[in-house]
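Heads up, the thing below is written out as structure tokens.
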Amino acid sequence: MPEVTFGEPLPILWATRSPARAARSAQPLRGSSPRSRWPPAADGPSLPYTPVPLSSQHLLLFLLFVGPFNCFASYSRATELFYSLNEGLPAGVLIGSLARDLHLPTAAGQHPASLQPPLSFTLASHGLGGQYVQLDNRSGELHTSAVEIDREALCVESSGATILGGSAAVSSSSPSPESCLLLLDVLVLPQEYFRLVKVKIAIRDVNDNAPRFPVPHIRLSVPENAPVNTRLAIEHPALDPDMGTNSVQTYRLRDNYGVFTLDVEENENGERTPYLIVMGALDRETQDEYVTVIVAEDGGTPPLVGSATLTIGISDINDNCPQFNDSQLNVTLYGNSSLGTHVATVHAVDMDLGSNALITYSYSQKVPQPSRDLFHLNESTGAVTLSTKIDGDTPRLHRLIVLGNGPGCIPAVITVLVTIIKVMMRPPEVVPRFIANEVEGVVYLKELEPINTPIAFFTIKDPDEKYKVSCYLDGDGPFRLTPYKPYNNEYLLETTKPLDFEMQQLYEISVVAWNSEGFHVKKVIKVQVLDDNDNSPVFSEQLIELSIEENNVPNAFLTKLHATDADSGERGQVSYFLGPDAPSYFALDKTTGVLTVSTQLDREEKEKYRYTVKAVDSGFPPRESIATVTITVLDKNDNSPRFINKDFSFFVPENFPGFGEIGVISVTDADAGQNGWVALSVLNGSDIFVIDTGKGVLRAKVSLDREQQSSYVLWIEAVDGGDPALSSTAKITILLLDINDNPPLVLFPQSNMSYLLVLPSTLPGSPITEVYAVDKDTGMNAVIAYSIIGRRGPRPESFRIDPKTGNITLEESLMQNDYGLYRLLVKVSDHGYPEPLHSTVMVNLFVNDTVSNESYIESLLRKEPDISVEEKQPQISIEPTHKKMESASCMPTLVALSIISLGSIALVTGMGIYICLRKGKKHHRADENLEVQIPLNGRINLHMLEKKPVEISNI
């Protein structure tokens, strides 16, 4: 069957069938019209009959029931399409067009009019293969899906081809052993074009896997006598899930040392196994191991590689024999030597390992038996010792031939030539009897043993009993040898002062005995001092001063403590511990002495730490020493300046002098040094206010007027001296307290020359006009009282002013004699502290029926009024804010009223005298203006103007 590759047109292949089955398959369906038949072979686009309409649901139900009984007929009508594509393609790649490759007409094909109803392509079942493809139901185009095809994951190792799909299929050709197929069953509907299409998609391998060794380290063992061209299989070959040339092809060594190479053998299943080949002579005694890297490479483009460490061990063989360094040893032995005296030791060397290097020693057969009996040879150590006593008949020369025997080797030979010197006079004898512990001539004494500790008794005698024998102690050390009374020839060896292991551990002394003939002998004694736990650990520093920056990382390293102990062994092993006064967040490693802190330190919380540490040895009982650790936490700029309050409020009286102290801004910074130095500055209003950085004093550059601005809101910034600097801000509210610095301002009447016509018919109690004034101060400084302090007119007492409101009313009915001009001097006073301020205004009232002569009235107004001033303080009842003040303020009020009354009387008297004197003068200043100066305010609050005054006519 021809293969249809990706993107190529595919011919239709019909499975062959028998004529009988073909005839049966062409029979009409039960219940259908005789003309309703399956198309025989779709030879042409047009059909010579009209099909019976049959829905796709009915057809699928029919196939479900008939399929199991007519499976062979179904297979015989199957059509196969074969495609191939690479693994790992993205979604949407076109695999093939079923309609085109089956030569079926489509809506855009040759016969659009005959496609009623249109073609439909459906996957017969959605098995494993269906998730990797997308089938367009109308066009029949087959594309890759979003699920990526991984050939190695789909087609696991099996005996034949790996076939994945929705159901079993019959293939007209056998796939190759390396093929990986997706099998799909596609139904083509409607029934006029019905056919079951078997779609096979071969997944081509892509080199997307590198070779990988199953183990990272491979070991091989090669005997050192392996001949050249010896082949050793590497039993862990590399694996590559790719197929064909994309799998492992070659192996190589990065370093072959000139003695190895690799070869690859392929078995009948196509598996490649690497072999290590020996190319040169090996010698374990020269090099016992080779370490290299084995690299596996596949045949892809580009090739991918994998590697593992290859260790080649050279195993030992018995290719070396024992050898002596010398061929002969010459030894001299005195004839009076005692039994067991060491004569000589022979030693041979074998370069092999283990049992191959085992050496035993023996006498040659040439050694006569007397010599064998006189000298004993240790077959393991090669030591020759005197085994029998030497007498007068013993030969003076002995030739001992010793053999060094190794497995499978010719023995090595060495000759020991022993010459015996005949001694006519026997030397003195020194016989020790040890009191202290002694092992093989070594005496063991503990340090700190008391003075005069006995070590051993020595018996000194002459074997011939002919000569006088003396003895003495030879060697340095705290020892003495003294005669032990009352016995003769008995000497006691003892200590003269305590021993100190730390000063000296080993002493070698000799007890020398000599006779009167000058012949002497030595007995060498070694004294080993045993250590005792008599030294405490010693710190290198008793005061350990450390520093660390705050905000350190957890488990930060501080220092490594070090203490030494002069004792040895376990007694000198030092362990470290924190003292009980150490905080829990400090840790000290018991073994290493590393001191750490487990948490972050905060200098602002605690700047100094002081605690003890202990060094304890492992003796019994243990000894310890103590050191002190001091830790200084260094500052970091981790704290912003902090104001005592976030909002400061200061109350300052107005007209406060320039650069006067308004208040102190308290600010702190928990950091130290430069980091804690704080500079203050005014962020807004710096043209009016200034702050003293050193003292935090806030000052105003100019005098402040509450009437211009009653309050100020400032923002003060505090910046520290750190790098980078930290800052914070605070809100400052300055409230100006009112001072009575503004007299009341009369807004109505607006002029002292204005007047008001009052009709004689005005009823008593009627309001006539009003005086309206305002005060720019606040509080009691702005409470206004009105009073008439001067009157002029026919009956001036007829008018009264309300002290609170300033309303002027008529008190009595006006008579015929009351016609004329009335002039009322009104005093407008505040209740300021410490001294009230006031203004005056002239209220002119003209009592008449009409104004007939305006010029006459104006002339009267221009004349200076002869008014006597009544110095009477206007009183307004003001409810007190605190009831307790009522009783307290009664007495001062009475005193003040008395003083005012007396002053008023004196003032009236003086004014009367003054008026009389003025009348005596002949000329008057007619043009004198009696207008009282009224202070004007450039800015009048609107709420003050809302009160409408009574109109005053200036007619």
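Ordered as shown in the structure tokens, chains take letters A, B, and onward, while each chain numbers its residues from 1 and ligands are numbered from 1 in the order shown.
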Residues within 9 Å of Tyr576 of chain A, please, as an mmCIF file with N, CA and C atoms, in the first residue's frame. Count only C-alpha atoms; anything in the same chain fewer than 6 positions from it doesn't count.
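Once written, selection_26.cif looks like this:
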data_model
loop_
_atom_site.group_PDB
_atom_site.id
_atom_site.type_symbol
_atom_site.label_atom_id
_atom_site.label_comp_id
_atom_site.auth_asym_id
_atom_site.auth_seq_id
_atom_site.Cartn_x
_atom_site.Cartn_y
_atom_site.Cartn_z
ATOM 1 N N LEU A 561 34.692 31.105 70.129
ATOM 2 C CA LEU A 561 35.447 31.051 71.370
ATOM 3 C C LEU A 561 36.539 29.992 71.274
ATOM 4 N N HIS A 562 37.634 30.237 71.981
ATOM 5 C CA HIS A 562 38.740 29.283 71.955
ATOM 6 C C HIS A 562 39.342 29.186 73.348
ATOM 7 N N ALA A 563 39.348 27.984 73.849
ATOM 8 C CA ALA A 563 39.985 27.704 75.131
ATOM 9 C C ALA A 563 40.869 26.481 74.966
ATOM 10 N N LEU A 588 25.446 28.897 71.680
ATOM 11 C CA LEU A 588 26.875 28.592 71.676
ATOM 12 C C LEU A 588 27.039 27.116 71.344
ATOM 13 N N ASP A 589 27.719 26.842 70.224
ATOM 14 C CA ASP A 589 27.932 25.462 69.827
ATOM 15 C C ASP A 589 28.872 24.797 70.819
ATOM 16 N N LYS A 590 28.420 23.669 71.332
ATOM 17 C CA LYS A 590 29.169 22.991 72.387
ATOM 18 C C LYS A 590 30.548 22.549 71.915
ATOM 19 N N THR A 591 30.646 22.125 70.682
ATOM 20 C CA THR A 591 31.898 21.546 70.196
ATOM 21 C C THR A 591 32.821 22.588 69.587
ATOM 22 N N THR A 592 32.279 23.417 68.695
ATOM 23 C CA THR A 592 33.120 24.356 67.945
ATOM 24 C C THR A 592 33.338 25.675 68.673
ATOM 25 N N GLY A 593 32.479 26.006 69.629
ATOM 26 C CA GLY A 593 32.609 27.288 70.304
ATOM 27 C C GLY A 593 32.100 28.461 69.500
ATOM 28 N N VAL A 594 31.313 28.210 68.436
ATOM 29 C CA VAL A 594 30.791 29.301 67.613
ATOM 30 C C VAL A 594 29.610 29.924 68.343
ATOM 31 N N VAL A 613 30.432 32.863 79.784
ATOM 32 C CA VAL A 613 30.507 31.598 79.054
ATOM 33 C C VAL A 613 31.479 30.695 79.810
ATOM 34 N N LYS A 614 31.266 29.405 79.695
ATOM 35 C CA LYS A 614 32.087 28.428 80.395
ATOM 36 C C LYS A 614 32.771 27.500 79.405
ATOM 37 N N ALA A 615 34.006 27.143 79.741
ATOM 38 C CA ALA A 615 34.734 26.097 79.024
ATOM 39 C C ALA A 615 34.940 24.955 80.016
ATOM 40 N N VAL A 616 34.433 23.772 79.670
ATOM 41 C CA VAL A 616 34.455 22.621 80.579
ATOM 42 C C VAL A 616 35.188 21.488 79.882
ATOM 43 N N ASP A 617 36.182 20.866 80.586
ATOM 44 C CA ASP A 617 36.876 19.734 79.979
ATOM 45 C C ASP A 617 36.108 18.447 80.266
#
So that I can check the surroundings of Lys776 of chain A, please list as a PDB file with N, CA, C and O atoms, in the first residue's frame every protein, DNA and RNA residue that reaches within 9 Å of it, counting only C-alpha atoms and ignoring chain neighbours fewer than 6 positions away.
ATOM      1  N   GLU A 707      -7.259  89.785  64.230  1.00  0.00           N
ATOM      2  CA  GLU A 707      -8.293  90.303  63.339  1.00  0.00           C
ATOM      3  C   GLU A 707      -7.945  90.056  61.876  1.00  0.00           C
ATOM      4  O   GLU A 707      -8.827  90.000  61.021  1.00  0.00           O
ATOM      5  N   ASP A 741      -7.990  95.196  71.514  1.00  0.00           N
ATOM      6  CA  ASP A 741      -7.221  96.223  70.804  1.00  0.00           C
ATOM      7  C   ASP A 741      -8.042  96.925  69.736  1.00  0.00           C
ATOM      8  O   ASP A 741      -7.502  97.682  68.938  1.00  0.00           O
ATOM      9  N   ASN A 742      -9.326  96.678  69.704  1.00  0.00           N
ATOM     10  CA  ASN A 742     -10.203  97.334  68.721  1.00  0.00           C
ATOM     11  C   ASN A 742     -11.396  97.952  69.453  1.00  0.00           C
ATOM     12  O   ASN A 742     -12.167  97.215  70.106  1.00  0.00           O
ATOM     13  N   PRO A 743     -11.583  99.280  69.355  1.00  0.00           N
ATOM     14  CA  PRO A 743     -12.803  99.880  69.919  1.00  0.00           C
ATOM     15  C   PRO A 743     -13.989  99.525  69.030  1.00  0.00           C
ATOM     16  O   PRO A 743     -13.829  99.128  67.882  1.00  0.00           O
ATOM     17  N   PRO A 744     -15.190  99.605  69.588  1.00  0.00           N
ATOM     18  CA  PRO A 744     -16.367  99.338  68.758  1.00  0.00           C
ATOM     19  C   PRO A 744     -16.414 100.294  67.569  1.00  0.00           C
ATOM     20  O   PRO A 744     -16.037 101.461  67.653  1.00  0.00           O
ATOM     21  N   LEU A 745     -16.869  99.726  66.459  1.00  0.00           N
ATOM     22  CA  LEU A 745     -16.976 100.500  65.213  1.00  0.00           C
ATOM     23  C   LEU A 745     -18.448 100.751  64.947  1.00  0.00           C
ATOM     24  O   LEU A 745     -19.231  99.805  64.777  1.00  0.00           O
ATOM     25  N   ALA A 782     -15.788  91.775  72.622  1.00  0.00           N
ATOM     26  CA  ALA A 782     -16.704  92.174  71.546  1.00  0.00           C
ATOM     27  C   ALA A 782     -18.128  92.385  72.041  1.00  0.00           C
ATOM     28  O   ALA A 782     -19.026  92.615  71.240  1.00  0.00           O
ATOM     29  N   ASN A 937     -13.652 100.429  59.509  1.00  0.00           N
ATOM     30  CA  ASN A 937     -12.998  99.142  59.199  1.00  0.00           C
ATOM     31  C   ASN A 937     -13.064  98.932  57.704  1.00  0.00           C
ATOM     32  O   ASN A 937     -14.150  99.029  57.119  1.00  0.00           O
TER      33      ASN A 937
END
Can you list, as a PyMOL selection string, every residue of segment 399-632 of chain A that DSSP puts in strand (DSSP E)?
chain A and resi 399-405+412-421+429-434+437-439+442-446+454-461+469-474+479-483+490-495+506-515+520-530+538-539+543-549+556-560+563-564+574-578+586-588+594-597+608-617+624-632
Could those selected residues go to a file with C-alpha atoms, as a short mmCIF file (atom, residue, chain, number, x, y, z; two decimals), in the first residue's frame?
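Saved to selection18.cif:
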data_model
loop_
_atom_site.label_atom_id
_atom_site.label_comp_id
_atom_site.auth_asym_id
_atom_site.auth_seq_id
_atom_site.Cartn_x
_atom_site.Cartn_y
_atom_site.Cartn_z
CA ARG A 399 75.89 -18.68 60.03
CA LEU A 400 72.11 -18.48 60.04
CA ILE A 401 70.59 -18.57 56.51
CA VAL A 402 67.01 -17.22 56.69
CA LEU A 403 64.48 -17.64 53.89
CA GLY A 404 61.67 -15.16 53.17
CA ASN A 405 58.81 -17.27 51.76
CA ALA A 412 64.47 -14.55 49.37
CA VAL A 413 67.68 -15.27 51.24
CA ILE A 414 69.56 -13.35 53.95
CA THR A 415 72.47 -14.51 56.11
CA VAL A 416 72.71 -13.62 59.79
CA LEU A 417 76.34 -14.03 60.96
CA VAL A 418 76.44 -14.31 64.80
CA THR A 419 79.79 -14.02 66.58
CA ILE A 420 79.85 -15.07 70.24
CA ILE A 421 82.45 -13.34 72.44
CA GLU A 429 73.56 -8.76 87.92
CA VAL A 430 70.76 -6.19 88.33
CA VAL A 431 67.48 -7.77 89.34
CA PRO A 432 64.49 -5.37 89.41
CA ARG A 433 61.31 -5.88 91.39
CA PHE A 434 58.78 -3.27 90.37
CA ASN A 437 52.78 -0.64 87.34
CA GLU A 438 55.24 -1.95 84.75
CA VAL A 439 54.66 -3.38 81.29
CA VAL A 442 57.99 0.71 80.96
CA VAL A 443 56.87 2.00 84.37
CA TYR A 444 53.63 4.00 84.42
CA LEU A 445 53.24 6.72 87.07
CA LYS A 446 50.40 9.21 87.45
CA PRO A 454 58.37 4.09 95.38
CA ILE A 455 58.96 2.74 91.89
CA ALA A 456 61.04 -0.44 92.22
CA PHE A 457 63.54 -2.41 94.32
CA PHE A 458 66.82 -3.41 92.69
CA THR A 459 68.99 -6.27 93.90
CA ILE A 460 72.64 -5.86 92.90
CA LYS A 461 74.97 -8.88 93.19
CA VAL A 469 79.51 -4.34 93.45
CA SER A 470 78.31 -0.73 93.55
CA CYS A 471 75.50 0.98 91.69
CA TYR A 472 74.27 4.45 90.79
CA LEU A 473 71.42 6.07 88.84
CA ASP A 474 72.23 7.46 85.42
CA PHE A 479 64.28 10.22 90.78
CA ARG A 480 66.81 8.85 93.27
CA LEU A 481 68.30 5.43 94.01
CA THR A 482 69.21 4.85 97.66
CA PRO A 483 70.33 1.79 99.66
CA GLU A 490 69.11 -3.71 98.04
CA TYR A 491 68.32 -0.32 96.46
CA LEU A 492 65.05 1.62 96.31
CA LEU A 493 64.11 3.77 93.30
CA GLU A 494 61.66 6.55 94.19
CA THR A 495 60.55 10.01 93.11
CA LEU A 506 58.62 10.22 79.34
CA TYR A 507 61.81 9.69 81.32
CA GLU A 508 64.56 7.21 80.51
CA ILE A 509 66.93 6.32 83.36
CA SER A 510 69.50 3.56 83.90
CA VAL A 511 70.53 1.65 86.99
CA VAL A 512 74.24 1.03 86.49
CA ALA A 513 76.09 -1.66 88.47
CA TRP A 514 79.86 -2.12 88.34
CA ASN A 515 82.35 -4.26 90.21
CA HIS A 520 79.62 -2.79 84.63
CA VAL A 521 76.12 -3.44 83.39
CA LYS A 522 73.07 -1.15 82.77
CA LYS A 523 69.40 -1.75 83.39
CA VAL A 524 67.43 0.77 81.35
CA ILE A 525 64.05 1.82 82.78
CA LYS A 526 61.47 4.00 81.00
CA VAL A 527 59.04 5.97 83.16
CA GLN A 528 55.85 7.04 81.39
CA VAL A 529 53.96 9.82 83.16
CA LEU A 530 50.18 9.35 82.99
CA VAL A 538 42.04 28.51 79.65
CA PHE A 539 40.30 31.09 77.45
CA LEU A 543 36.98 39.52 78.49
CA ILE A 544 35.61 38.99 74.99
CA GLU A 545 34.40 42.29 73.55
CA LEU A 546 32.19 42.02 70.48
CA SER A 547 30.06 44.36 68.41
CA ILE A 548 27.28 43.78 65.89
CA GLU A 549 25.00 46.09 63.96
CA ALA A 556 24.24 35.75 62.76
CA PHE A 557 27.82 34.74 63.57
CA LEU A 558 29.35 36.64 66.49
CA THR A 559 32.68 34.95 67.24
CA LYS A 560 34.37 31.63 67.81
CA ALA A 563 39.98 27.70 75.13
CA THR A 564 42.95 25.36 75.57
CA VAL A 574 36.89 21.31 75.82
CA SER A 575 33.14 21.91 75.58
CA TYR A 576 31.56 25.36 75.63
CA PHE A 577 28.40 26.48 77.46
CA LEU A 578 26.53 29.70 78.00
CA PHE A 586 22.14 33.56 72.09
CA ALA A 587 23.46 30.11 71.11
CA LEU A 588 26.88 28.59 71.68
CA VAL A 594 30.79 29.30 67.61
CA LEU A 595 28.65 31.99 69.25
CA THR A 596 25.56 33.11 67.32
CA VAL A 597 22.44 35.15 67.94
CA LYS A 608 24.75 46.33 75.80
CA TYR A 609 24.78 42.65 76.61
CA ARG A 610 27.06 41.13 79.20
CA TYR A 611 27.05 37.49 80.24
CA THR A 612 29.42 34.65 81.02
CA VAL A 613 30.51 31.60 79.05
CA LYS A 614 32.09 28.43 80.39
CA ALA A 615 34.73 26.10 79.02
CA VAL A 616 34.46 22.62 80.58
CA ASP A 617 36.88 19.73 79.98
CA GLU A 624 35.98 24.58 84.02
CA SER A 625 36.85 28.22 83.54
CA ILE A 626 34.69 31.26 82.92
CA ALA A 627 35.04 34.22 80.57
CA THR A 628 32.88 37.29 80.14
CA VAL A 629 31.33 38.27 76.82
CA THR A 630 30.26 41.86 76.18
CA ILE A 631 28.32 42.67 73.04
CA THR A 632 27.73 46.22 71.87
#
Segment 521-656 of chain A: residues DSSP assigns to helix (DSSP H, G or I), reported as a list of chain:residue names:
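Of segment 521-656 of chain A, the ones in helix (DSSP H, G or I) are A:Gly569, A:Glu570, A:Arg571, A:Gly572.
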Writing out the chosen residues with N, CA, C and O atoms as a PDB file, in the first residue's frame:
ATOM      1  N   GLY A 569      44.210  13.756  75.879  1.00  0.00           N
ATOM      2  CA  GLY A 569      43.080  12.860  75.684  1.00  0.00           C
ATOM      3  C   GLY A 569      41.763  13.557  75.971  1.00  0.00           C
ATOM      4  O   GLY A 569      41.568  14.744  75.688  1.00  0.00           O
ATOM      5  N   GLU A 570      40.843  12.786  76.557  1.00  0.00           N
ATOM      6  CA  GLU A 570      39.536  13.334  76.868  1.00  0.00           C
ATOM      7  C   GLU A 570      39.623  14.460  77.893  1.00  0.00           C
ATOM      8  O   GLU A 570      38.787  15.360  77.908  1.00  0.00           O
ATOM      9  N   ARG A 571      40.642  14.384  78.749  1.00  0.00           N
ATOM     10  CA  ARG A 571      40.784  15.418  79.778  1.00  0.00           C
ATOM     11  C   ARG A 571      41.054  16.786  79.161  1.00  0.00           C
ATOM     12  O   ARG A 571      40.792  17.817  79.787  1.00  0.00           O
ATOM     13  N   GLY A 572      41.606  16.785  77.959  1.00  0.00           N
ATOM     14  CA  GLY A 572      41.910  18.047  77.302  1.00  0.00           C
ATOM     15  C   GLY A 572      40.861  18.474  76.283  1.00  0.00           C
ATOM     16  O   GLY A 572      41.020  19.513  75.640  1.00  0.00           O
TER      17      GLY A 572
END
Separation of atom CA of Glu224 of chain A from atom CA of Ile314 of chain A in Å:
5.6 Å
Considering only C-alpha atoms, return as a ChimeraX atom specification whatever protein or nucleic-acid residues lie within 12 Å of segment 796-799 of chain A, sequence-local ones (same chain, fewer than 4 positions apart) excluded.
/A:758,760,762-770,787-792,807-815,818-826,843-847,867-868
With N, CA and C atoms retained, write the just-selected residues as a short mmCIF file (atom, residue, chain, number, x, y, z; two decimals), in the first residue's frame.
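Result saved to again39.cif:
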data_model
loop_
_atom_site.label_atom_id
_atom_site.label_comp_id
_atom_site.auth_asym_id
_atom_site.auth_seq_id
_atom_site.Cartn_x
_atom_site.Cartn_y
_atom_site.Cartn_z
N VAL A 758 -38.62 113.51 63.92
CA VAL A 758 -39.48 112.80 64.87
C VAL A 758 -40.78 113.59 64.96
N PRO A 760 -44.29 114.93 66.46
CA PRO A 760 -44.75 115.13 67.84
C PRO A 760 -45.80 114.11 68.23
N THR A 762 -45.69 111.05 67.94
CA THR A 762 -45.10 109.72 68.21
C THR A 762 -45.48 109.29 69.61
N LEU A 763 -45.96 108.13 69.75
CA LEU A 763 -46.41 107.62 71.03
C LEU A 763 -45.22 107.21 71.88
N PRO A 764 -45.38 107.34 73.21
CA PRO A 764 -44.28 106.91 74.09
C PRO A 764 -44.01 105.40 73.92
N GLY A 765 -42.78 105.03 74.06
CA GLY A 765 -42.38 103.62 73.89
C GLY A 765 -42.10 103.24 72.46
N SER A 766 -42.36 104.15 71.52
CA SER A 766 -42.12 103.82 70.12
C SER A 766 -40.63 103.91 69.83
N PRO A 767 -40.11 102.97 69.00
CA PRO A 767 -38.70 103.05 68.61
C PRO A 767 -38.48 104.20 67.64
N ILE A 768 -37.46 104.95 67.86
CA ILE A 768 -37.18 106.11 67.03
C ILE A 768 -36.09 105.76 66.02
N THR A 769 -35.01 105.26 66.48
CA THR A 769 -33.87 104.88 65.63
C THR A 769 -32.99 103.94 66.45
N GLU A 770 -31.83 103.66 65.93
CA GLU A 770 -30.91 102.80 66.65
C GLU A 770 -29.48 103.20 66.37
N SER A 787 -24.88 103.63 75.68
CA SER A 787 -25.36 104.57 76.72
C SER A 787 -25.32 105.98 76.16
N ILE A 788 -26.22 106.79 76.69
CA ILE A 788 -26.25 108.24 76.33
C ILE A 788 -25.48 108.97 77.41
N ILE A 789 -24.39 109.56 76.99
CA ILE A 789 -23.54 110.25 77.98
C ILE A 789 -23.67 111.77 77.89
N GLY A 790 -24.43 112.23 76.92
CA GLY A 790 -24.64 113.68 76.80
C GLY A 790 -25.93 113.98 76.06
N ARG A 791 -26.66 115.00 76.55
CA ARG A 791 -27.96 115.33 75.94
C ARG A 791 -28.06 116.85 75.75
N ARG A 792 -28.81 117.22 74.73
CA ARG A 792 -29.13 118.65 74.52
C ARG A 792 -30.45 118.70 73.76
N ASN A 807 -31.18 100.38 70.59
CA ASN A 807 -32.42 100.98 70.09
C ASN A 807 -32.77 102.21 70.94
N ILE A 808 -33.10 103.32 70.27
CA ILE A 808 -33.50 104.57 70.94
C ILE A 808 -35.02 104.67 70.85
N THR A 809 -35.67 104.84 72.01
CA THR A 809 -37.14 104.90 72.08
C THR A 809 -37.56 106.20 72.77
N LEU A 810 -38.80 106.57 72.52
CA LEU A 810 -39.39 107.75 73.14
C LEU A 810 -39.98 107.34 74.48
N GLU A 811 -39.59 108.02 75.55
CA GLU A 811 -40.04 107.64 76.88
C GLU A 811 -41.33 108.36 77.26
N GLU A 812 -41.44 109.66 76.86
CA GLU A 812 -42.60 110.48 77.26
C GLU A 812 -43.21 111.13 76.03
N SER A 813 -44.48 111.50 76.18
CA SER A 813 -45.17 112.16 75.07
C SER A 813 -44.57 113.55 74.85
N LEU A 814 -44.52 113.96 73.63
CA LEU A 814 -43.95 115.24 73.26
C LEU A 814 -45.02 116.33 73.30
N MET A 815 -44.67 117.43 73.86
CA MET A 815 -45.59 118.57 73.97
C MET A 815 -45.21 119.65 72.94
N ASP A 818 -41.82 120.98 73.35
CA ASP A 818 -40.72 120.04 73.13
C ASP A 818 -40.21 120.06 71.69
N TYR A 819 -40.77 120.95 70.84
CA TYR A 819 -40.32 121.00 69.45
C TYR A 819 -38.90 121.55 69.41
N GLY A 820 -38.10 121.00 68.46
CA GLY A 820 -36.75 121.50 68.28
C GLY A 820 -35.76 120.37 68.03
N LEU A 821 -34.47 120.75 68.06
CA LEU A 821 -33.39 119.80 67.75
C LEU A 821 -32.88 119.18 69.05
N TYR A 822 -32.84 117.88 69.06
CA TYR A 822 -32.28 117.12 70.18
C TYR A 822 -30.96 116.47 69.71
N ARG A 823 -29.96 116.62 70.55
CA ARG A 823 -28.66 116.02 70.22
C ARG A 823 -28.25 115.08 71.36
N LEU A 824 -28.10 113.79 71.01
CA LEU A 824 -27.77 112.77 72.01
C LEU A 824 -26.37 112.23 71.72
N LEU A 825 -25.47 112.39 72.69
CA LEU A 825 -24.10 111.86 72.54
C LEU A 825 -24.10 110.42 73.10
N VAL A 826 -23.97 109.44 72.19
CA VAL A 826 -24.06 108.01 72.56
C VAL A 826 -22.64 107.43 72.65
N VAL A 843 -26.26 111.39 67.87
CA VAL A 843 -27.55 111.08 67.26
C VAL A 843 -28.40 112.36 67.31
N ASN A 844 -28.80 112.89 66.16
CA ASN A 844 -29.55 114.15 66.05
C ASN A 844 -31.00 113.83 65.71
N LEU A 845 -31.90 114.34 66.55
CA LEU A 845 -33.34 114.12 66.37
C LEU A 845 -34.02 115.49 66.25
N PHE A 846 -34.77 115.71 65.21
CA PHE A 846 -35.49 117.00 65.00
C PHE A 846 -36.98 116.73 65.18
N VAL A 847 -37.52 117.27 66.35
CA VAL A 847 -38.93 117.07 66.67
C VAL A 847 -39.72 118.22 66.05
N ILE A 867 -23.05 120.37 75.50
CA ILE A 867 -23.58 119.15 76.10
C ILE A 867 -22.73 118.80 77.31
N SER A 868 -23.39 118.54 78.38
CA SER A 868 -22.68 118.07 79.58
C SER A 868 -22.56 116.54 79.50
#
